[in-house]
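A.B. asks: One file is attached below, input00.pdb, containing PDB, C-alpha atoms, pLDDT in the B column.
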ATOM      1  CA  THR A   1      84.862 177.745 -79.549  1.00 57.00           C
ATOM      2  CA  ILE A   2      84.326 174.006 -79.639  1.00 61.00           C
ATOM      3  CA  LEU A   3      86.251 172.252 -76.898  1.00 67.00           C
ATOM      4  CA  ASP A   4      88.140 169.018 -77.343  1.00 71.00           C
ATOM      5  CA  PRO A   5      86.446 166.159 -75.396  1.00 70.00           C
ATOM      6  CA  SER A   6      89.621 165.838 -73.284  1.00 72.00           C
ATOM      7  CA  GLN A   7      89.255 169.481 -72.253  1.00 73.00           C
ATOM      8  CA  ILE A   8      85.582 168.939 -71.400  1.00 75.00           C
ATOM      9  CA  ILE A   9      86.468 165.920 -69.253  1.00 74.00           C
ATOM     10  CA  THR A  10      89.226 167.832 -67.457  1.00 73.00           C
ATOM     11  CA  LEU A  11      86.887 170.755 -66.835  1.00 77.00           C
ATOM     12  CA  LEU A  12      84.169 168.457 -65.465  1.00 75.00           C
ATOM     13  CA  LEU A  13      86.666 166.769 -63.142  1.00 72.00           C
ATOM     14  CA  GLU A  14      87.856 170.150 -61.884  1.00 73.00           C
ATOM     15  CA  ARG A  15      84.229 171.038 -61.174  1.00 76.00           C
ATOM     16  CA  SER A  16      83.806 167.777 -59.234  1.00 73.00           C
ATOM     17  CA  ASP A  17      81.367 166.229 -61.681  1.00 75.00           C
ATOM     18  CA  PRO A  18      82.935 162.816 -62.384  1.00 72.00           C
ATOM     19  CA  GLU A  19      79.649 161.258 -63.527  1.00 76.00           C
ATOM     20  CA  LYS A  20      79.346 163.690 -66.429  1.00 78.00           C
ATOM     21  CA  ALA A  21      83.064 163.314 -67.156  1.00 76.00           C
ATOM     22  CA  LEU A  22      82.633 159.534 -67.452  1.00 72.00           C
ATOM     23  CA  SER A  23      79.568 160.048 -69.612  1.00 76.00           C
ATOM     24  CA  VAL A  24      81.509 162.327 -71.995  1.00 74.00           C
ATOM     25  CA  ALA A  25      84.427 159.889 -72.088  1.00 72.00           C
ATOM     26  CA  ARG A  26      82.104 156.986 -72.933  1.00 69.00           C
ATOM     27  CA  ARG A  27      80.304 159.018 -75.596  1.00 72.00           C
ATOM     28  CA  PHE A  28      83.588 159.830 -77.335  1.00 69.00           C
ATOM     29  CA  GLY A  29      85.138 156.383 -77.251  1.00 64.00           C
ATOM     30  CA  GLY A  30      85.855 155.688 -73.587  1.00 55.00           C
ATOM     31  CA  ALA A  31      89.110 154.099 -72.497  1.00 50.00           C
ATOM     32  CA  GLU A  32      89.993 153.138 -76.066  1.00 50.00           C
ATOM     33  CA  HIS A  33      90.109 156.783 -77.105  1.00 57.00           C
ATOM     34  CA  PHE A  34      91.205 158.572 -73.941  1.00 58.00           C
ATOM     35  CA  GLY A  35      93.236 155.862 -72.291  1.00 57.00           C
ATOM     36  CA  GLY A  36      92.809 154.358 -68.873  1.00 64.00           C
ATOM     37  CA  THR A  37      94.207 157.426 -67.126  1.00 74.00           C
ATOM     38  CA  VAL A  38      91.185 159.615 -67.853  1.00 75.00           C
ATOM     39  CA  MET A  39      88.761 156.848 -66.950  1.00 77.00           C
ATOM     40  CA  ASN A  40      90.713 156.183 -63.750  1.00 82.00           C
ATOM     41  CA  GLN A  41      90.632 159.874 -62.814  1.00 82.00           C
ATOM     42  CA  CYS A  42      86.856 159.923 -63.245  1.00 82.00           C
ATOM     43  CA  ARG A  43      86.405 156.765 -61.186  1.00 85.00           C
ATOM     44  CA  MET A  44      88.790 157.950 -58.466  1.00 89.00           C
ATOM     45  CA  LYS A  45      86.875 161.211 -58.224  1.00 85.00           C
ATOM     46  CA  LEU A  46      83.578 159.295 -57.946  1.00 86.00           C
ATOM     47  CA  TRP A  47      85.062 157.229 -55.127  1.00 91.00           C
ATOM     48  CA  GLU A  48      86.496 160.239 -53.318  1.00 88.00           C
ATOM     49  CA  ASP A  49      83.388 162.405 -53.667  1.00 84.00           C
ATOM     50  CA  GLN A  50      80.586 159.855 -53.365  1.00 84.00           C
ATOM     51  CA  ARG A  51      82.227 156.750 -51.888  1.00 88.00           C
ATOM     52  CA  ASP A  52      81.088 154.798 -54.958  1.00 88.00           C
ATOM     53  CA  ALA A  53      82.573 151.329 -54.362  1.00 91.00           C
ATOM     54  CA  LYS A  54      81.732 150.194 -57.901  1.00 90.00           C
ATOM     55  CA  ALA A  55      83.805 153.057 -59.310  1.00 89.00           C
ATOM     56  CA  LEU A  56      86.695 152.134 -56.998  1.00 94.00           C
ATOM     57  CA  ARG A  57      86.572 148.501 -58.161  1.00 93.00           C
ATOM     58  CA  LEU A  58      86.880 149.704 -61.770  1.00 89.00           C
ATOM     59  CA  VAL A  59      90.044 151.727 -61.080  1.00 92.00           C
ATOM     60  CA  SER A  60      92.942 149.935 -62.767  1.00 89.00           C
ATOM     61  CA  ASP A  61      95.608 151.362 -60.428  1.00 92.00           C
ATOM     62  CA  ASP A  62      96.017 148.537 -57.908  1.00 94.00           C
ATOM     63  CA  ASN A  63      98.153 150.556 -55.503  1.00 94.00           C
ATOM     64  CA  TYR A  64      95.536 153.311 -55.340  1.00 95.00           C
ATOM     65  CA  VAL A  65      92.788 150.796 -54.515  1.00 96.00           C
ATOM     66  CA  ILE A  66      94.950 149.060 -51.906  1.00 96.00           C
ATOM     67  CA  ASN A  67      95.875 152.380 -50.281  1.00 95.00           C
ATOM     68  CA  GLU A  68      92.238 153.489 -50.161  1.00 94.00           C
ATOM     69  CA  ALA A  69      91.200 150.209 -48.520  1.00 95.00           C
ATOM     70  CA  VAL A  70      94.038 150.313 -45.986  1.00 94.00           C
ATOM     71  CA  ASN A  71      93.323 153.968 -45.166  1.00 91.00           C
ATOM     72  CA  LEU A  72      89.808 152.981 -44.114  1.00 89.00           C
ATOM     73  CA  ILE A  73      91.207 150.625 -41.485  1.00 87.00           C
ATOM     74  CA  GLY A  74      92.564 153.425 -39.354  1.00 71.00           C
ATOM     75  CA  LEU A  75      89.546 155.635 -39.927  1.00 70.00           C
ATOM     76  CA  LYS A  76      87.540 156.561 -36.865  1.00 61.00           C
ATOM     77  CA  SER A  77      83.926 157.659 -36.896  1.00 52.00           C
ATOM     78  CA  GLN A  78      85.012 161.099 -35.688  1.00 54.00           C
ATOM     79  CA  ASP A  79      86.992 161.651 -38.907  1.00 54.00           C
ATOM     80  CA  GLY A  80      84.157 163.741 -40.378  1.00 53.00           C
ATOM     81  CA  ASN A  81      84.718 164.288 -44.100  1.00 52.00           C
ATOM     82  CA  ALA A  82      86.630 161.051 -44.633  1.00 53.00           C
ATOM     83  CA  PHE A  83      83.655 159.173 -43.205  1.00 56.00           C
ATOM     84  CA  ASP A  84      80.885 160.985 -45.085  1.00 61.00           C
ATOM     85  CA  GLY A  85      78.872 158.686 -47.318  1.00 65.00           C
ATOM     86  CA  LEU A  86      80.636 155.520 -46.182  1.00 74.00           C
ATOM     87  CA  ARG A  87      78.146 152.733 -45.596  1.00 78.00           C
ATOM     88  CA  PHE A  88      78.659 149.551 -43.606  1.00 77.00           C
ATOM     89  CA  ASP A  89      78.438 147.244 -46.627  1.00 81.00           C
ATOM     90  CA  THR A  90      80.769 149.523 -48.617  1.00 86.00           C
ATOM     91  CA  LEU A  91      83.507 149.055 -46.013  1.00 88.00           C
ATOM     92  CA  LEU A  92      83.521 145.289 -46.458  1.00 90.00           C
ATOM     93  CA  GLU A  93      83.400 145.593 -50.234  1.00 93.00           C
ATOM     94  CA  VAL A  94      86.408 147.936 -50.261  1.00 95.00           C
ATOM     95  CA  TYR A  95      88.371 145.775 -47.798  1.00 95.00           C
ATOM     96  CA  ARG A  96      87.759 142.711 -49.975  1.00 96.00           C
ATOM     97  CA  GLU A  97      88.743 144.493 -53.173  1.00 97.00           C
ATOM     98  CA  GLY A  98      91.954 145.793 -51.577  1.00 97.00           C
ATOM     99  CA  LEU A  99      92.816 142.305 -50.312  1.00 97.00           C
ATOM    100  CA  HIS A 100      92.055 140.801 -53.714  1.00 97.00           C
ATOM    101  CA  ARG A 101      94.418 143.283 -55.402  1.00 95.00           C
ATOM    102  CA  CYS A 102      97.176 142.540 -52.857  1.00 95.00           C
ATOM    103  CA  GLU A 103      96.835 138.784 -53.286  1.00 95.00           C
ATOM    104  CA  GLN A 104      96.665 139.090 -57.064  1.00 93.00           C
ATOM    105  CA  GLN A 105      99.886 141.127 -57.204  1.00 92.00           C
ATOM    106  CA  LEU A 106     101.629 138.762 -54.780  1.00 92.00           C
ATOM    107  CA  HIS A 107     100.528 135.731 -56.791  1.00 90.00           C
ATOM    108  CA  THR A 108     101.504 137.122 -60.193  1.00 89.00           C
ATOM    109  CA  GLY A 109     104.660 138.812 -58.956  1.00 80.00           C
ATOM    110  CA  HIS A 110     103.630 142.132 -60.546  1.00 74.00           C
ATOM    111  CA  GLY A 111     103.917 144.006 -57.261  1.00 63.00           C
ATOM    112  CA  ASN A 112     107.161 145.879 -56.828  1.00 70.00           C
ATOM    113  CA  ASP A 113     107.255 145.722 -53.056  1.00 89.00           C
ATOM    114  CA  THR A 114     106.216 142.287 -51.786  1.00 91.00           C
ATOM    115  CA  ASP A 115     106.769 143.307 -48.153  1.00 93.00           C
ATOM    116  CA  TRP A 116     104.354 146.239 -48.552  1.00 94.00           C
ATOM    117  CA  LEU A 117     101.806 143.984 -50.262  1.00 94.00           C
ATOM    118  CA  SER A 118     102.127 141.276 -47.589  1.00 95.00           C
ATOM    119  CA  VAL A 119     101.717 143.735 -44.716  1.00 95.00           C
ATOM    120  CA  ASN A 120      98.670 145.352 -46.326  1.00 95.00           C
ATOM    121  CA  ALA A 121      97.133 141.987 -47.216  1.00 96.00           C
ATOM    122  CA  SER A 122      97.489 140.973 -43.573  1.00 95.00           C
ATOM    123  CA  ARG A 123      95.962 144.248 -42.352  1.00 93.00           C
ATOM    124  CA  LEU A 124      93.027 143.882 -44.750  1.00 95.00           C
ATOM    125  CA  ARG A 125      92.498 140.231 -43.786  1.00 94.00           C
ATOM    126  CA  ASN A 126      92.390 141.267 -40.122  1.00 91.00           C
ATOM    127  CA  ALA A 127      89.944 144.076 -40.920  1.00 90.00           C
ATOM    128  CA  ILE A 128      87.657 141.606 -42.709  1.00 91.00           C
ATOM    129  CA  LEU A 129      87.843 139.238 -39.727  1.00 89.00           C
ATOM    130  CA  SER A 130      87.076 142.147 -37.403  1.00 86.00           C
ATOM    131  CA  PHE A 131      84.131 143.059 -39.629  1.00 86.00           C
ATOM    132  CA  GLY A 132      82.776 139.504 -39.393  1.00 86.00           C
ATOM    133  CA  THR A 133      83.263 139.434 -35.626  1.00 84.00           C
ATOM    134  CA  PHE A 134      81.443 142.736 -35.303  1.00 83.00           C
ATOM    135  CA  LYS A 135      78.509 141.435 -37.368  1.00 81.00           C
ATOM    136  CA  LEU A 136      78.293 138.242 -35.293  1.00 82.00           C
ATOM    137  CA  LEU A 137      78.398 140.175 -32.014  1.00 80.00           C
ATOM    138  CA  LEU A 138      75.823 142.601 -33.327  1.00 78.00           C
ATOM    139  CA  ARG A 139      73.463 139.802 -34.339  1.00 76.00           C
ATOM    140  CA  TYR A 140      73.963 138.058 -31.012  1.00 76.00           C
ATOM    141  CA  PHE A 141      73.267 141.147 -28.924  1.00 75.00           C
ATOM    142  CA  MET A 142      70.405 142.260 -31.144  1.00 74.00           C
ATOM    143  CA  LYS A 143      68.901 138.749 -30.883  1.00 71.00           C
ATOM    144  CA  GLY A 144      68.393 138.472 -34.631  1.00 55.00           C
ATOM    145  CA  SER A 145      66.168 141.548 -34.787  1.00 59.00           C
ATOM    146  CA  LEU A 146      68.528 143.283 -37.191  1.00 55.00           C
ATOM    147  CA  HIS A 147      68.219 142.746 -40.938  1.00 55.00           C
ATOM    148  CA  GLU A 148      70.900 143.339 -43.584  1.00 50.00           C
ATOM    149  CA  GLU A 149      69.059 146.415 -44.879  1.00 51.00           C
ATOM    150  CA  ASP A 150      69.314 147.900 -41.382  1.00 53.00           C
ATOM    151  CA  PHE A 151      73.109 148.168 -41.668  1.00 54.00           C
ATOM    152  CA  THR A 152      73.171 151.935 -41.815  1.00 58.00           C
ATOM    153  CA  ASP A 153      75.768 154.646 -41.456  1.00 58.00           C
ATOM    154  CA  GLU A 154      75.365 154.417 -37.678  1.00 65.00           C
ATOM    155  CA  LEU A 155      76.575 150.821 -37.790  1.00 69.00           C
ATOM    156  CA  SER A 156      79.497 151.948 -39.923  1.00 67.00           C
ATOM    157  CA  ARG A 157      80.396 154.435 -37.207  1.00 66.00           C
ATOM    158  CA  ARG A 158      80.155 151.756 -34.540  1.00 70.00           C
ATOM    159  CA  PHE A 159      82.300 149.363 -36.554  1.00 70.00           C
ATOM    160  CA  LEU A 160      84.987 151.975 -37.161  1.00 69.00           C
ATOM    161  CA  ASN A 161      85.220 152.446 -33.400  1.00 67.00           C
ATOM    162  CA  PHE A 162      85.073 148.686 -32.826  1.00 69.00           C
ATOM    163  CA  GLN A 163      87.958 147.911 -35.177  1.00 68.00           C
ATOM    164  CA  CYS A 164      90.214 150.082 -33.003  1.00 64.00           C
ATOM    165  CA  VAL A 165      89.556 147.843 -29.986  1.00 64.00           C
ATOM    166  CA  THR A 166      91.768 144.821 -29.373  1.00 65.00           C
ATOM    167  CA  VAL A 167      90.246 141.326 -29.241  1.00 60.00           C
ATOM    168  CA  PHE A 168      91.393 141.122 -25.614  1.00 61.00           C
ATOM    169  CA  GLU A 169      89.324 144.207 -24.756  1.00 66.00           C
ATOM    170  CA  VAL A 170      86.294 142.712 -26.508  1.00 60.00           C
ATOM    171  CA  ALA A 171      86.699 139.467 -24.556  1.00 59.00           C
ATOM    172  CA  GLU A 172      86.791 141.396 -21.269  1.00 64.00           C
ATOM    173  CA  CYS A 173      83.268 142.760 -21.828  1.00 58.00           C
TER     174      CYS A 173
END
As structure tokens - that is how I would like this structure written.

C.D. replies:
Amino acid sequence: TILDPSQIITLLLERSDPEKALSVARRFGGAEHFGGTVMNQCRMKLWEDQRDAKALRLVSDDNYVINEAVNLIGLKSQDGNAFDGLRFDTLLEVYREGLHRCEQQLHTGHGNDTDWLSVNASRLRNAILSFGTFKLLLRYFMKGSLHEEDFTDELSRRFLNFQCVTVFEVAEC
């Protein structure tokens, strides 16, 4: 039996193979043929399974992207599976994308809940500021011996713990 491409894509997504699902979707006409929903499902699965920030940026569901970015704010390095594969530079990229989506919806008025968007935009802005503060403190204490390519998963873990500390507690050190 020859399967319909939609069935193949669904089967691949169920088997947690979003890369092949995207490949099949592109081969048979992509978003034009299958609609944005299938493409979004593939990209969401890539983000969830592999923490692929590029795939997350391509998701057209703004609320999904915003929620994913905001959920990373409360994440702690002990949160095992949620943390797996999350790199330091990916955190900043996701925070920025979430903030961009919030600001875009607020500016255009397309967001249904402006209070929700404003609160999340503020939380993401603060997370980005915290990220910058962490990088500056890290560079200061490492005396410039740390290069951008050295920002590993271990630094991601440290930042996730750092973002849970108040500025007052940092100043006390």

A.B. asks: Within 10 Å of (85.8, 161.4, -60.5) in the file's own coordinates, which protein, DNA or RNA residues have an atom, counting all atoms listed in the file? List them as an NGL selection string.

C.D. replies: :A and (9 or 12-22 or 38-50 or 52 or 55-56)

A.B. asks: Determine the nearest neighbour of Ile73 (chain A) from the options A:Trp116, A:Phe134, A:Tyr95, A:Tyr140, counting only C-alpha atoms.

C.D. replies: A:Tyr95

A.B. asks: With distances taken over all atoms listed in the file, which residue among A:Leu136, A:Val24, A:Leu92, A:Met142 lies nearest Ile8 (chain A)?

C.D. replies: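 Looking at the shortest contact to Ile8 (chain A), the residue is A:Val24.
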
A.B. asks: Using only C-alpha atoms, which of A:Asp115, A:Glu103, A:Asp89, A:Glu97 sits nearest Ala69 (chain A)?

C.D. replies: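 Under the stated criterion, the closest residue is A:Glu97.
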
A.B. asks: Could you tell me how far CA of Ala53 (chain A) sits from CA of Thr108 (chain A), in Å to one decimal place?

C.D. replies: 24.4 Å

A.B. asks: Find the spatial neighbours of Arg125 (chain A), counting all atoms listed in the file, within a cut-off of 10 Å - ignore same-chain residues fewer than 3 positions away - and output them as a list in words.

C.D. replies: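 So, after excluding close chain neighbours, the residues are Tyr95, Arg96, Gly98, Leu99, His100, Val119, Asn120, Ala121, Ser122, Ile128, Leu129, Ser130 and Phe131 of chain A.
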
A.B. asks: Export C-alpha atoms of the chosen residues as a short mmCIF file (atom, residue, chain, number, x, y, z; two decimals), keeping the file's coordinate frame?

C.D. replies:
data_model
loop_
_atom_site.label_atom_id
_atom_site.label_comp_id
_atom_site.auth_asym_id
_atom_site.auth_seq_id
_atom_site.Cartn_x
_atom_site.Cartn_y
_atom_site.Cartn_z
CA TYR A 95 88.37 145.78 -47.80
CA ARG A 96 87.76 142.71 -49.98
CA GLY A 98 91.95 145.79 -51.58
CA LEU A 99 92.82 142.30 -50.31
CA HIS A 100 92.06 140.80 -53.71
CA VAL A 119 101.72 143.74 -44.72
CA ASN A 120 98.67 145.35 -46.33
CA ALA A 121 97.13 141.99 -47.22
CA SER A 122 97.49 140.97 -43.57
CA ILE A 128 87.66 141.61 -42.71
CA LEU A 129 87.84 139.24 -39.73
CA SER A 130 87.08 142.15 -37.40
CA PHE A 131 84.13 143.06 -39.63
#

A.B. asks: Smallest atom-to-atom distance to Val94 (chain A): which of A:Asn71, A:Gln7, A:Ser60, A:Asn112, using all atoms listed in the file?

C.D. replies: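 Ranked by minimum distance to Val94 (chain A), first place goes to A:Asn71.
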